[in-house]
Amino acid sequence: MQFGLSESQEFLKDSARKFFAGECPSAETRRLMETDTAYDAALWSKLADQGYTGIIFPEEYGGVGLGKVELMLLMEEAGRALLPGPFFSTVVLAGSVLDALATPLLKKKYLAPICRGEVRATVAILEASGSWNPAHVQLSAANGKLTGEKLFVSDAGIADFIIVVARNGVFIVDGKAHGLKISPMLAMDLTRKLYVVEFSNTPAEQIGDATNLPRAFDVATAALAAELVGGMQRTLDITVEYAKTRKQFGKPIGMFQAVQHQCADMYLETESSRSAVYYAGWALEENAPDAAAAVSIAKMYASDAGRTVGNRGIQIHGGMGFTWENDLHLYYRRAKASETAFGDSTFHRERIASMVIDAGNVSAKSA
Amino acid sequence: MDLKLTTEELAFRDELRIWLASHIPKDWEEWREKPIEESFAYLRAWQQKLQEGRWAAVSWPSEYGGRSATLMQQALFWEEMARVDAPPMANSLGLGLIGPTIIACGTEAQKQRFIPKILSAEEIWCQGFSEPNAGSDLAGLQMEARLDGDHYIVNGQKVWTSYGWVGDWCELVVRTDASAAKHKGLTVLLVDMKSPGVEVRPLRQMTGESEFNELFFRDVHVPVENVLGKVNDGWNVAMSTLMYERGAYGARLHLIFKRYMTRLIELARTTRRNGRPAAEDPIIRQKLAQCSAEIEIMRFNQMRAFSRISATGVPGPEGSILKIFWSELNQRLQQIAQELLGSYGQLLGGDPHAIDKGMWSYAYLRTRGNTIEAGTSEVQRNIIGHFVLGLPRSY
């Protein structure tokens with residue numbers, strides 16, 4: 001048994017870190033977050049050149065065919081750099097949905113251009129109820145047309161097509177379709193924009209039923225948790241660096257145990273989230289019987305840890321942590337958005353409870 | 001990353017499983033409730049039986065009676081022992097901590113003298129580290145050892161000594177050079193507990209039992225050949241012992257906590273809250289799910305830490321998150337049990353109304369010790385702050 005990363009996994013993670021550090025430094029993130037969509041065409045084509053836009057998809061559709069652990073590693077590094085724009089929405093979310101439920105023909109039509117980096121896309125799930133339970137979806141298609149509203153749709157403003165989860169199936173709507181209205185929501189995270197998407201007799205193409213949707217959502221959920229881990233790691237690194245250099249009472253504040261122990265807890269929460277995320281990636285890749293439970297465990301823990309690591313980081317920075325100029329709040333905003341996306345910790349605890357209390361036992365299938 | 005067991009790991013586990021299937025004692029359930037003074041002969045016999053199958057010290061090198069097991073195999077060993085709910089071994093400190101230290105730091109004569117009887121449980125070992133004024137600050141210990149010809153003369157007090165009452169030998173850390181810096185003047189002695197001047201007193205703890213002892217040494221003579229390692233190098237010898245404390249033994253916690261969890265869920269199913277089973281109460285469900293998830297995360301953390309040690313050969317200070325994680329989790333787990341039990345949570349074993357023979361009230365009190373023993377949570381956080389994150393030392 002080896003829980004550590006293989007050489008090729010280490011290589012992927014290292015090169016992703018270097019790539020994001022070079023192409024997406026903090027100044028670039030700040031520039032993009034001030035734009036309407038946080039999307040940059042040049043950055044996107046570089047992501048495609050790296051193969052990141054097709055990382056987990058089959059080679060026959062132009063993907064790279066890597067596994068879910070590799071996806072976790074890439075998302076961790078994207079999270080560390082606070083990569084702005086529609087990467088998660090397009091590749092991880094829309095890509096996974098297409099991969100899980102589209103026919104080969106539809107994959108050629110929609111997934112292949114994602115892999116090649118030619119299109120941006122997203123998935124519309126939430127409605128006014130704000131519920132992540134798919135059973136609560138109300139929107140329903142009739143005669144190939146959609147009428148209704150979706151909320152909190154990430155990156156819809158830059159999407160070439162939108163995958164829509166409806167009561168009676170999963171549909172694709174062209175970004176320029178007749179009767180489609182997309183308007184921005186003003187939300188905390190400035191690096192991944194949210195939109196209201198309104199349909200009024202909007203033509204929609206069915207790509208499948210919702211049977212395989214949970215599996216695609218599990219991949220997206222775990223990837224979001226991985227992204228949270230990267231954000232936590234960056235928050236921890238910035239904070240430890242600050243605690244070493246900032247002096248009060250003639251000493252670096254990191255010498256005080258009140259500060260040191262907060263840093264230790266940030267480390268514990270970050271590492272524990274990382275362990276849970278890597279395990280979830282492995283369980284998804286191996287189709288382990290506890291894969292869904294592992295995803296919920298990872299998202300539950302990382303959702304809370306992302307917030308508390310941010311809380312501690314800001315607190316340790318004192319007044320500096322409360323400024324716009326310091327990057328911590330950018331990570332803190334993303335962490336809040338990711339905390340609620342695909343179910344917050346309360347949602348996932350109930351999901352775990354239903355598996356552990358009502359239906360038997362969650363178990364790490366390794367020994 | 002590959003969490004499947006290798007062929008060697010599977011072979012090791014299967015051999016152990018087969019052995020355990022025919023050797024695991026059937027009557028442990030009757031003995032476990034008894035005071036350890038009564039069951040000790042039973043635990044000694046169990047260890048002897050294990051060693052007949054060469055299972056008592058799997059981590060030890062083969063030439064010393066072990067199996068040279070890899071860390072993963074050791075983890076599998078403790079998992080399997082927990083899976084079959086095996087009794088503990090009588091000489092657990094000798095096997096887990098002191099034997100490995102003697103093998104690493106001892107002379108050939110010491111190894112030949114002590115190792116076989118640690119394995120056979122003929123000689124039980126205890127550990128004299130903490131003192132009344134040296135707990136977290138272990139290097140500040142004061143027990144004095146004065147060289148007098150071919151003997152050291154030892155005076156002072158030790159506390160929190162497990163197995164002191166039954167110990168034949170003790171790994172004792174003493175101060176041999178009072179003028180040196182505090183880490184530099186320490187030496188480890190191997191002390192015969194039957195020496196004149198050694199007095200052992202039970203230390204009654206908040207649960208009411210006495211797992212630990214206080215040791216009093218008055219002019220105890222220890223021959224110089226019983227120095228372990230080098231004179232005045234005792235800090236390094238003692239630290240190598242404490243390294244073993246954070247080894248594969250933790251692998252059994254996952255199954256032990258899961259067993260607690262199963263009982264907690266059973267309790268939640270049978271306890272009624274607001275006119276329905278507590279297992280249907282959304283708040284209780286949240287708490288049970290959190291706890292259950294953290295038990296899994298504890299295991300993921302362990303697997304990652306073991307993998308790292310296997311790859312690099314040395315246990316990193318990252319192991320410190322394991323101690324904080326399991327000890328604080330165990331306290332939270334017991335608190336949930338208390339919430340489920342309500343008034344029944346306070347009932348001690350022996351009370352006819354007690355649930356699960358008073359196991360929950362005992363565990364509630366006992367787990368307060370978890371964040372203190374084997375390095376307090378505060379010391380563990382200092383270790384992370386300084387050694388892992390590189391923050392300046394706070395003391």
# chains A, B, ... in the order shown; residues from 1 in each chain; ligands from 1
call {"tool": "interface_residues", "arguments": {"of": "chain B", "to": "chain A", "cutoff": "6 Å", "atoms": "only C-alpha atoms", "output": "compact mmCIF listing (two decimals) with N, CA and C atoms, in the first residue's frame"}}
result
# COMPACT_ATOMS: atom_id res chain seq x y z
N MET B 1 0.15 6.62 -6.11
CA MET B 1 -0.78 6.32 -5.03
C MET B 1 -1.52 5.03 -5.35
N ASP B 2 -1.38 4.05 -4.49
CA ASP B 2 -2.07 2.79 -4.71
C ASP B 2 -2.38 2.18 -3.34
N LEU B 3 -3.64 2.20 -3.00
CA LEU B 3 -4.00 1.77 -1.65
C LEU B 3 -4.27 0.27 -1.56
N LYS B 4 -4.07 -0.42 -2.65
CA LYS B 4 -4.22 -1.88 -2.58
C LYS B 4 -3.00 -2.48 -1.89
N LEU B 5 -3.22 -3.55 -1.17
CA LEU B 5 -2.09 -4.18 -0.48
C LEU B 5 -1.21 -4.89 -1.50
N ARG B 285 -27.87 13.18 14.21
CA ARG B 285 -27.34 12.63 12.96
C ARG B 285 -26.12 13.41 12.49
N GLN B 286 -26.19 14.74 12.60
CA GLN B 286 -25.06 15.58 12.22
C GLN B 286 -23.82 15.21 13.03
N ALA B 289 -22.46 11.74 12.16
CA ALA B 289 -21.81 11.74 10.85
C ALA B 289 -20.44 12.40 10.92
N ALA B 293 -17.05 10.43 10.06
CA ALA B 293 -16.17 10.92 8.99
C ALA B 293 -14.76 11.16 9.52
N ILE B 297 -11.03 9.92 8.40
CA ILE B 297 -9.93 10.85 8.09
C ILE B 297 -8.70 10.54 8.95
N PHE B 300 -7.02 7.92 7.08
CA PHE B 300 -6.33 8.43 5.88
C PHE B 300 -5.03 9.14 6.28
N ASN B 301 -5.10 9.93 7.34
CA ASN B 301 -3.89 10.61 7.82
C ASN B 301 -2.82 9.60 8.20
N ARG B 304 -1.27 7.98 5.14
CA ARG B 304 -0.34 8.90 4.49
C ARG B 304 0.96 8.99 5.26
N SER B 307 2.97 5.83 4.87
CA SER B 307 3.54 5.77 3.52
C SER B 307 4.79 6.65 3.44
N ILE B 321 0.38 15.42 14.07
CA ILE B 321 -1.05 15.66 13.85
C ILE B 321 -1.85 14.41 14.18
N ARG B 381 1.38 20.75 19.44
CA ARG B 381 1.23 21.95 18.60
C ARG B 381 2.52 22.76 18.55
N ILE B 384 4.61 20.99 15.92
CA ILE B 384 4.20 21.35 14.56
C ILE B 384 4.68 22.77 14.24
N GLY B 385 4.44 23.69 15.18
CA GLY B 385 4.80 25.09 14.94
C GLY B 385 6.29 25.24 14.65
N LEU B 391 8.41 27.89 12.61
CA LEU B 391 8.24 29.10 13.43
C LEU B 391 9.29 29.09 14.55
N PRO B 392 9.65 30.28 15.03
CA PRO B 392 10.67 30.31 16.08
C PRO B 392 10.18 29.63 17.36
N ARG B 393 11.10 29.00 18.06
CA ARG B 393 10.77 28.32 19.31
C ARG B 393 10.16 29.29 20.29
N SER B 394 9.15 28.82 21.00
CA SER B 394 8.46 29.70 21.91
C SER B 394 9.01 29.60 23.33
call {"tool": "select_by_dssp", "arguments": {"residues": "region 63-254 of chain A", "states": "helix (DSSP H, G or I)", "output": "JSON, numbers by chain"}}
result
{"A": [68, 69, 70, 71, 72, 73, 74, 75, 76, 77, 78, 79, 80, 87, 88, 89, 90, 91, 92, 93, 94, 95, 96, 97, 98, 99, 100, 101, 104, 105, 106, 107, 108, 109, 110, 111, 112, 113, 114, 115, 134, 135, 136, 156, 157, 158, 210, 211, 212, 213, 214, 215, 216, 217, 218, 219, 220, 221, 222, 223, 224, 225, 226, 227, 228, 229, 230, 231, 232, 233, 234, 235, 236, 237, 238, 239, 240, 241, 242, 243, 244, 245, 253, 254]}
call {"tool": "write_last_selection", "arguments": {"atoms": "C-alpha atoms", "output": "short mmCIF file (atom, residue, chain, number, x, y, z; two decimals), in the first residue's frame"}}
result
data_model
loop_
_atom_site.label_atom_id
_atom_site.label_comp_id
_atom_site.auth_asym_id
_atom_site.auth_seq_id
_atom_site.Cartn_x
_atom_site.Cartn_y
_atom_site.Cartn_z
CA LYS A 68 -9.14 11.19 -10.66
CA VAL A 69 -6.16 11.43 -8.30
CA GLU A 70 -4.39 13.45 -11.00
CA LEU A 71 -7.46 15.67 -11.29
CA MET A 72 -7.34 16.27 -7.53
CA LEU A 73 -3.68 17.28 -7.79
CA LEU A 74 -4.33 19.68 -10.66
CA MET A 75 -7.27 21.26 -8.86
CA GLU A 76 -5.23 21.58 -5.68
CA GLU A 77 -2.63 23.57 -7.57
CA ALA A 78 -5.30 25.61 -9.37
CA GLY A 79 -6.76 26.39 -5.94
CA ARG A 80 -3.38 27.38 -4.56
CA PHE A 87 -11.94 26.07 -15.64
CA PHE A 88 -13.93 24.29 -12.94
CA SER A 89 -17.27 25.01 -14.66
CA THR A 90 -16.09 23.94 -18.10
CA VAL A 91 -13.71 21.06 -17.57
CA VAL A 92 -14.51 19.57 -14.20
CA LEU A 93 -18.24 20.14 -14.09
CA ALA A 94 -19.58 20.24 -17.68
CA GLY A 95 -16.87 17.86 -18.85
CA SER A 96 -17.65 15.27 -16.17
CA VAL A 97 -21.38 15.48 -16.84
CA LEU A 98 -20.84 14.91 -20.56
CA ASP A 99 -18.35 12.15 -19.87
CA ALA A 100 -20.81 10.41 -17.54
CA LEU A 101 -24.01 10.60 -19.57
CA PRO A 104 -20.34 8.96 -28.10
CA LEU A 105 -21.81 11.19 -30.78
CA LEU A 106 -22.68 13.92 -28.31
CA LYS A 107 -19.28 13.58 -26.68
CA LYS A 108 -17.67 14.24 -30.05
CA LYS A 109 -19.88 17.28 -30.41
CA TYR A 110 -19.51 18.76 -26.92
CA LEU A 111 -16.78 17.05 -24.88
CA ALA A 112 -14.12 17.04 -27.60
CA PRO A 113 -14.16 20.84 -28.04
CA ILE A 114 -13.82 21.17 -24.25
CA CYS A 115 -10.75 18.93 -24.33
CA PRO A 134 -31.38 16.82 -7.26
CA ALA A 135 -34.86 15.66 -6.25
CA HIS A 136 -35.75 19.30 -5.54
CA ALA A 156 -22.63 31.25 -17.48
CA GLY A 157 -21.65 34.68 -18.82
CA ILE A 158 -18.78 33.19 -20.79
CA ALA A 210 -30.13 11.95 -14.66
CA THR A 211 -29.11 8.37 -13.75
CA ASN A 212 -25.36 8.97 -13.99
CA LEU A 213 -25.49 12.53 -12.72
CA PRO A 214 -24.52 11.70 -9.10
CA ARG A 215 -21.31 10.14 -10.31
CA ALA A 216 -20.36 13.24 -12.30
CA PHE A 217 -21.30 15.46 -9.37
CA ASP A 218 -19.14 13.34 -7.07
CA VAL A 219 -16.14 14.02 -9.30
CA ALA A 220 -16.91 17.74 -9.32
CA THR A 221 -17.49 17.79 -5.56
CA ALA A 222 -14.20 16.06 -4.79
CA ALA A 223 -12.40 18.37 -7.22
CA LEU A 224 -13.87 21.38 -5.46
CA ALA A 225 -12.64 20.01 -2.15
CA ALA A 226 -9.20 19.58 -3.74
CA GLU A 227 -9.30 23.20 -4.85
CA LEU A 228 -10.14 24.15 -1.27
CA VAL A 229 -7.06 22.26 -0.08
CA GLY A 230 -4.88 24.33 -2.41
CA GLY A 231 -6.44 27.52 -1.06
CA MET A 232 -5.86 26.36 2.50
CA GLN A 233 -2.24 25.54 1.75
CA ARG A 234 -1.67 28.99 0.26
CA THR A 235 -3.41 30.66 3.20
CA LEU A 236 -1.25 28.66 5.61
CA ASP A 237 1.96 29.50 3.70
CA ILE A 238 1.17 33.23 3.57
CA THR A 239 0.28 33.21 7.26
CA VAL A 240 3.35 31.30 8.46
CA GLU A 241 5.57 33.61 6.43
CA TYR A 242 3.89 36.61 8.01
CA ALA A 243 4.17 35.15 11.53
CA LYS A 244 7.91 34.73 10.99
CA THR A 245 8.51 38.29 9.85
CA ILE A 253 4.63 37.01 16.45
CA GLY A 254 5.13 33.37 15.39
#
call {"tool": "residues_around", "arguments": {"residues": "Leu194 (chain A)", "least_positions_apart": "5", "cutoff": "10 Å", "atoms": "only C-alpha atoms", "output": "PyMOL selection string"}}
result
chain A and resi 37+151-157+182-189+337
call {"tool": "select_by_dssp", "arguments": {"residues": "region 170-336 of chain A", "states": "strand (DSSP E)", "output": "PyMOL selection string"}}
result
chain A and resi 170-174+180-185+194-203+205-208+247-248+251-252
call {"tool": "decode", "arguments": {"residues": "region 227-351 of chain A", "atoms": "C-alpha atoms", "output": "PDB file, in the first residue's frame"}}
result
ATOM      1  CA  GLU A 227      -9.295  23.200  -4.854  1.00  0.00           C
ATOM      2  CA  LEU A 228     -10.143  24.150  -1.269  1.00  0.00           C
ATOM      3  CA  VAL A 229      -7.058  22.258  -0.079  1.00  0.00           C
ATOM      4  CA  GLY A 230      -4.881  24.333  -2.406  1.00  0.00           C
ATOM      5  CA  GLY A 231      -6.444  27.522  -1.060  1.00  0.00           C
ATOM      6  CA  MET A 232      -5.859  26.359   2.502  1.00  0.00           C
ATOM      7  CA  GLN A 233      -2.238  25.543   1.751  1.00  0.00           C
ATOM      8  CA  ARG A 234      -1.669  28.990   0.259  1.00  0.00           C
ATOM      9  CA  THR A 235      -3.407  30.663   3.200  1.00  0.00           C
ATOM     10  CA  LEU A 236      -1.249  28.662   5.605  1.00  0.00           C
ATOM     11  CA  ASP A 237       1.961  29.502   3.697  1.00  0.00           C
ATOM     12  CA  ILE A 238       1.175  33.231   3.573  1.00  0.00           C
ATOM     13  CA  THR A 239       0.283  33.209   7.262  1.00  0.00           C
ATOM     14  CA  VAL A 240       3.354  31.303   8.464  1.00  0.00           C
ATOM     15  CA  GLU A 241       5.571  33.609   6.434  1.00  0.00           C
ATOM     16  CA  TYR A 242       3.886  36.612   8.010  1.00  0.00           C
ATOM     17  CA  ALA A 243       4.171  35.146  11.528  1.00  0.00           C
ATOM     18  CA  LYS A 244       7.912  34.731  10.993  1.00  0.00           C
ATOM     19  CA  THR A 245       8.514  38.291   9.850  1.00  0.00           C
ATOM     20  CA  ARG A 246       5.943  40.459  11.609  1.00  0.00           C
ATOM     21  CA  LYS A 247       7.341  41.690  14.902  1.00  0.00           C
ATOM     22  CA  GLN A 248       5.498  42.940  17.971  1.00  0.00           C
ATOM     23  CA  PHE A 249       6.878  43.313  21.478  1.00  0.00           C
ATOM     24  CA  GLY A 250      10.291  42.946  19.857  1.00  0.00           C
ATOM     25  CA  LYS A 251       9.685  39.367  18.665  1.00  0.00           C
ATOM     26  CA  PRO A 252       8.293  37.652  15.610  1.00  0.00           C
ATOM     27  CA  ILE A 253       4.627  37.008  16.451  1.00  0.00           C
ATOM     28  CA  GLY A 254       5.127  33.374  15.393  1.00  0.00           C
ATOM     29  CA  MET A 255       7.100  32.909  18.593  1.00  0.00           C
ATOM     30  CA  PHE A 256       3.954  33.337  20.666  1.00  0.00           C
ATOM     31  CA  GLN A 257       2.151  30.074  21.316  1.00  0.00           C
ATOM     32  CA  ALA A 258      -1.239  31.708  20.865  1.00  0.00           C
ATOM     33  CA  VAL A 259      -0.182  32.329  17.262  1.00  0.00           C
ATOM     34  CA  GLN A 260       1.861  29.161  16.814  1.00  0.00           C
ATOM     35  CA  HIS A 261      -0.959  26.893  17.906  1.00  0.00           C
ATOM     36  CA  GLN A 262      -3.364  28.544  15.480  1.00  0.00           C
ATOM     37  CA  CYS A 263      -0.837  27.841  12.734  1.00  0.00           C
ATOM     38  CA  ALA A 264      -0.554  24.234  13.944  1.00  0.00           C
ATOM     39  CA  ASP A 265      -4.329  23.878  13.695  1.00  0.00           C
ATOM     40  CA  MET A 266      -4.289  25.363  10.202  1.00  0.00           C
ATOM     41  CA  TYR A 267      -1.718  22.720   9.306  1.00  0.00           C
ATOM     42  CA  LEU A 268      -3.775  19.931  10.857  1.00  0.00           C
ATOM     43  CA  GLU A 269      -6.917  21.034   9.042  1.00  0.00           C
ATOM     44  CA  THR A 270      -5.112  21.440   5.730  1.00  0.00           C
ATOM     45  CA  GLU A 271      -3.346  18.081   5.882  1.00  0.00           C
ATOM     46  CA  SER A 272      -6.452  16.249   7.049  1.00  0.00           C
ATOM     47  CA  SER A 273      -8.446  17.775   4.203  1.00  0.00           C
ATOM     48  CA  ARG A 274      -5.725  16.718   1.797  1.00  0.00           C
ATOM     49  CA  SER A 275      -5.753  13.130   3.076  1.00  0.00           C
ATOM     50  CA  ALA A 276      -9.529  12.994   2.658  1.00  0.00           C
ATOM     51  CA  VAL A 277      -9.392  14.491  -0.846  1.00  0.00           C
ATOM     52  CA  TYR A 278      -6.660  12.148  -2.083  1.00  0.00           C
ATOM     53  CA  TYR A 279      -8.568   9.202  -0.722  1.00  0.00           C
ATOM     54  CA  ALA A 280     -11.751  10.395  -2.440  1.00  0.00           C
ATOM     55  CA  GLY A 281      -9.852  10.740  -5.721  1.00  0.00           C
ATOM     56  CA  TRP A 282      -8.515   7.228  -5.388  1.00  0.00           C
ATOM     57  CA  ALA A 283     -11.908   5.788  -4.425  1.00  0.00           C
ATOM     58  CA  LEU A 284     -13.542   7.463  -7.443  1.00  0.00           C
ATOM     59  CA  GLU A 285     -10.823   6.216  -9.766  1.00  0.00           C
ATOM     60  CA  GLU A 286     -11.108   2.661  -8.433  1.00  0.00           C
ATOM     61  CA  ASN A 287     -14.909   2.735  -8.299  1.00  0.00           C
ATOM     62  CA  ALA A 288     -14.570   1.694  -4.669  1.00  0.00           C
ATOM     63  CA  PRO A 289     -17.839   0.854  -2.920  1.00  0.00           C
ATOM     64  CA  ASP A 290     -17.258   3.724  -0.491  1.00  0.00           C
ATOM     65  CA  ALA A 291     -16.520   6.301  -3.215  1.00  0.00           C
ATOM     66  CA  ALA A 292     -19.658   8.373  -2.608  1.00  0.00           C
ATOM     67  CA  ALA A 293     -19.057   8.312   1.144  1.00  0.00           C
ATOM     68  CA  ALA A 294     -15.423   9.280   0.624  1.00  0.00           C
ATOM     69  CA  VAL A 295     -16.496  12.265  -1.484  1.00  0.00           C
ATOM     70  CA  SER A 296     -18.898  13.430   1.200  1.00  0.00           C
ATOM     71  CA  ILE A 297     -16.279  12.996   3.902  1.00  0.00           C
ATOM     72  CA  ALA A 298     -13.802  15.076   1.902  1.00  0.00           C
ATOM     73  CA  LYS A 299     -16.264  17.826   1.025  1.00  0.00           C
ATOM     74  CA  MET A 300     -17.714  17.937   4.531  1.00  0.00           C
ATOM     75  CA  TYR A 301     -14.312  18.295   6.146  1.00  0.00           C
ATOM     76  CA  ALA A 302     -12.752  20.612   3.558  1.00  0.00           C
ATOM     77  CA  SER A 303     -15.795  22.911   3.549  1.00  0.00           C
ATOM     78  CA  ASP A 304     -15.427  23.571   7.263  1.00  0.00           C
ATOM     79  CA  ALA A 305     -11.636  23.535   7.219  1.00  0.00           C
ATOM     80  CA  GLY A 306     -11.487  25.998   4.303  1.00  0.00           C
ATOM     81  CA  ARG A 307     -13.447  28.477   6.358  1.00  0.00           C
ATOM     82  CA  THR A 308     -11.613  27.951   9.656  1.00  0.00           C
ATOM     83  CA  VAL A 309      -8.173  28.047   8.031  1.00  0.00           C
ATOM     84  CA  GLY A 310      -9.198  31.362   6.475  1.00  0.00           C
ATOM     85  CA  ASN A 311     -10.519  32.638   9.799  1.00  0.00           C
ATOM     86  CA  ARG A 312      -7.274  31.813  11.545  1.00  0.00           C
ATOM     87  CA  GLY A 313      -5.116  33.222   8.758  1.00  0.00           C
ATOM     88  CA  ILE A 314      -6.921  36.554   8.775  1.00  0.00           C
ATOM     89  CA  GLN A 315      -6.830  36.719  12.569  1.00  0.00           C
ATOM     90  CA  ILE A 316      -3.089  36.065  12.742  1.00  0.00           C
ATOM     91  CA  HIS A 317      -2.495  38.847  10.210  1.00  0.00           C
ATOM     92  CA  GLY A 318      -4.216  41.340  12.496  1.00  0.00           C
ATOM     93  CA  GLY A 319      -5.133  44.604  10.774  1.00  0.00           C
ATOM     94  CA  MET A 320      -3.198  43.600   7.665  1.00  0.00           C
ATOM     95  CA  GLY A 321      -5.476  40.600   7.263  1.00  0.00           C
ATOM     96  CA  PHE A 322      -8.475  42.918   7.067  1.00  0.00           C
ATOM     97  CA  THR A 323      -7.153  44.942   4.151  1.00  0.00           C
ATOM     98  CA  TRP A 324      -8.156  44.657   0.487  1.00  0.00           C
ATOM     99  CA  GLU A 325      -4.495  44.710  -0.462  1.00  0.00           C
ATOM    100  CA  ASN A 326      -3.740  41.406   1.293  1.00  0.00           C
ATOM    101  CA  ASP A 327      -4.606  38.324  -0.779  1.00  0.00           C
ATOM    102  CA  LEU A 328      -6.124  36.366   2.094  1.00  0.00           C
ATOM    103  CA  HIS A 329      -9.639  37.679   1.564  1.00  0.00           C
ATOM    104  CA  LEU A 330      -9.565  36.523  -2.057  1.00  0.00           C
ATOM    105  CA  TYR A 331      -9.008  32.962  -0.864  1.00  0.00           C
ATOM    106  CA  TYR A 332     -11.522  33.475   1.908  1.00  0.00           C
ATOM    107  CA  ARG A 333     -14.165  34.546  -0.606  1.00  0.00           C
ATOM    108  CA  ARG A 334     -13.473  31.564  -2.854  1.00  0.00           C
ATOM    109  CA  ALA A 335     -13.586  29.261   0.189  1.00  0.00           C
ATOM    110  CA  LYS A 336     -17.035  30.553   1.097  1.00  0.00           C
ATOM    111  CA  ALA A 337     -18.318  29.992  -2.435  1.00  0.00           C
ATOM    112  CA  SER A 338     -16.834  26.501  -2.558  1.00  0.00           C
ATOM    113  CA  GLU A 339     -18.111  25.710   0.909  1.00  0.00           C
ATOM    114  CA  THR A 340     -21.717  25.967  -0.233  1.00  0.00           C
ATOM    115  CA  ALA A 341     -21.279  24.704  -3.802  1.00  0.00           C
ATOM    116  CA  PHE A 342     -22.301  21.055  -4.155  1.00  0.00           C
ATOM    117  CA  GLY A 343     -23.475  20.978  -0.581  1.00  0.00           C
ATOM    118  CA  ASP A 344     -21.998  22.462   2.560  1.00  0.00           C
ATOM    119  CA  SER A 345     -20.807  20.401   5.497  1.00  0.00           C
ATOM    120  CA  THR A 346     -24.320  20.112   6.945  1.00  0.00           C
ATOM    121  CA  PHE A 347     -25.587  18.702   3.647  1.00  0.00           C
ATOM    122  CA  HIS A 348     -22.779  16.161   3.430  1.00  0.00           C
ATOM    123  CA  ARG A 349     -23.039  15.159   7.078  1.00  0.00           C
ATOM    124  CA  GLU A 350     -26.653  14.246   6.455  1.00  0.00           C
ATOM    125  CA  ARG A 351     -25.560  12.290   3.373  1.00  0.00           C
TER     126      ARG A 351
END
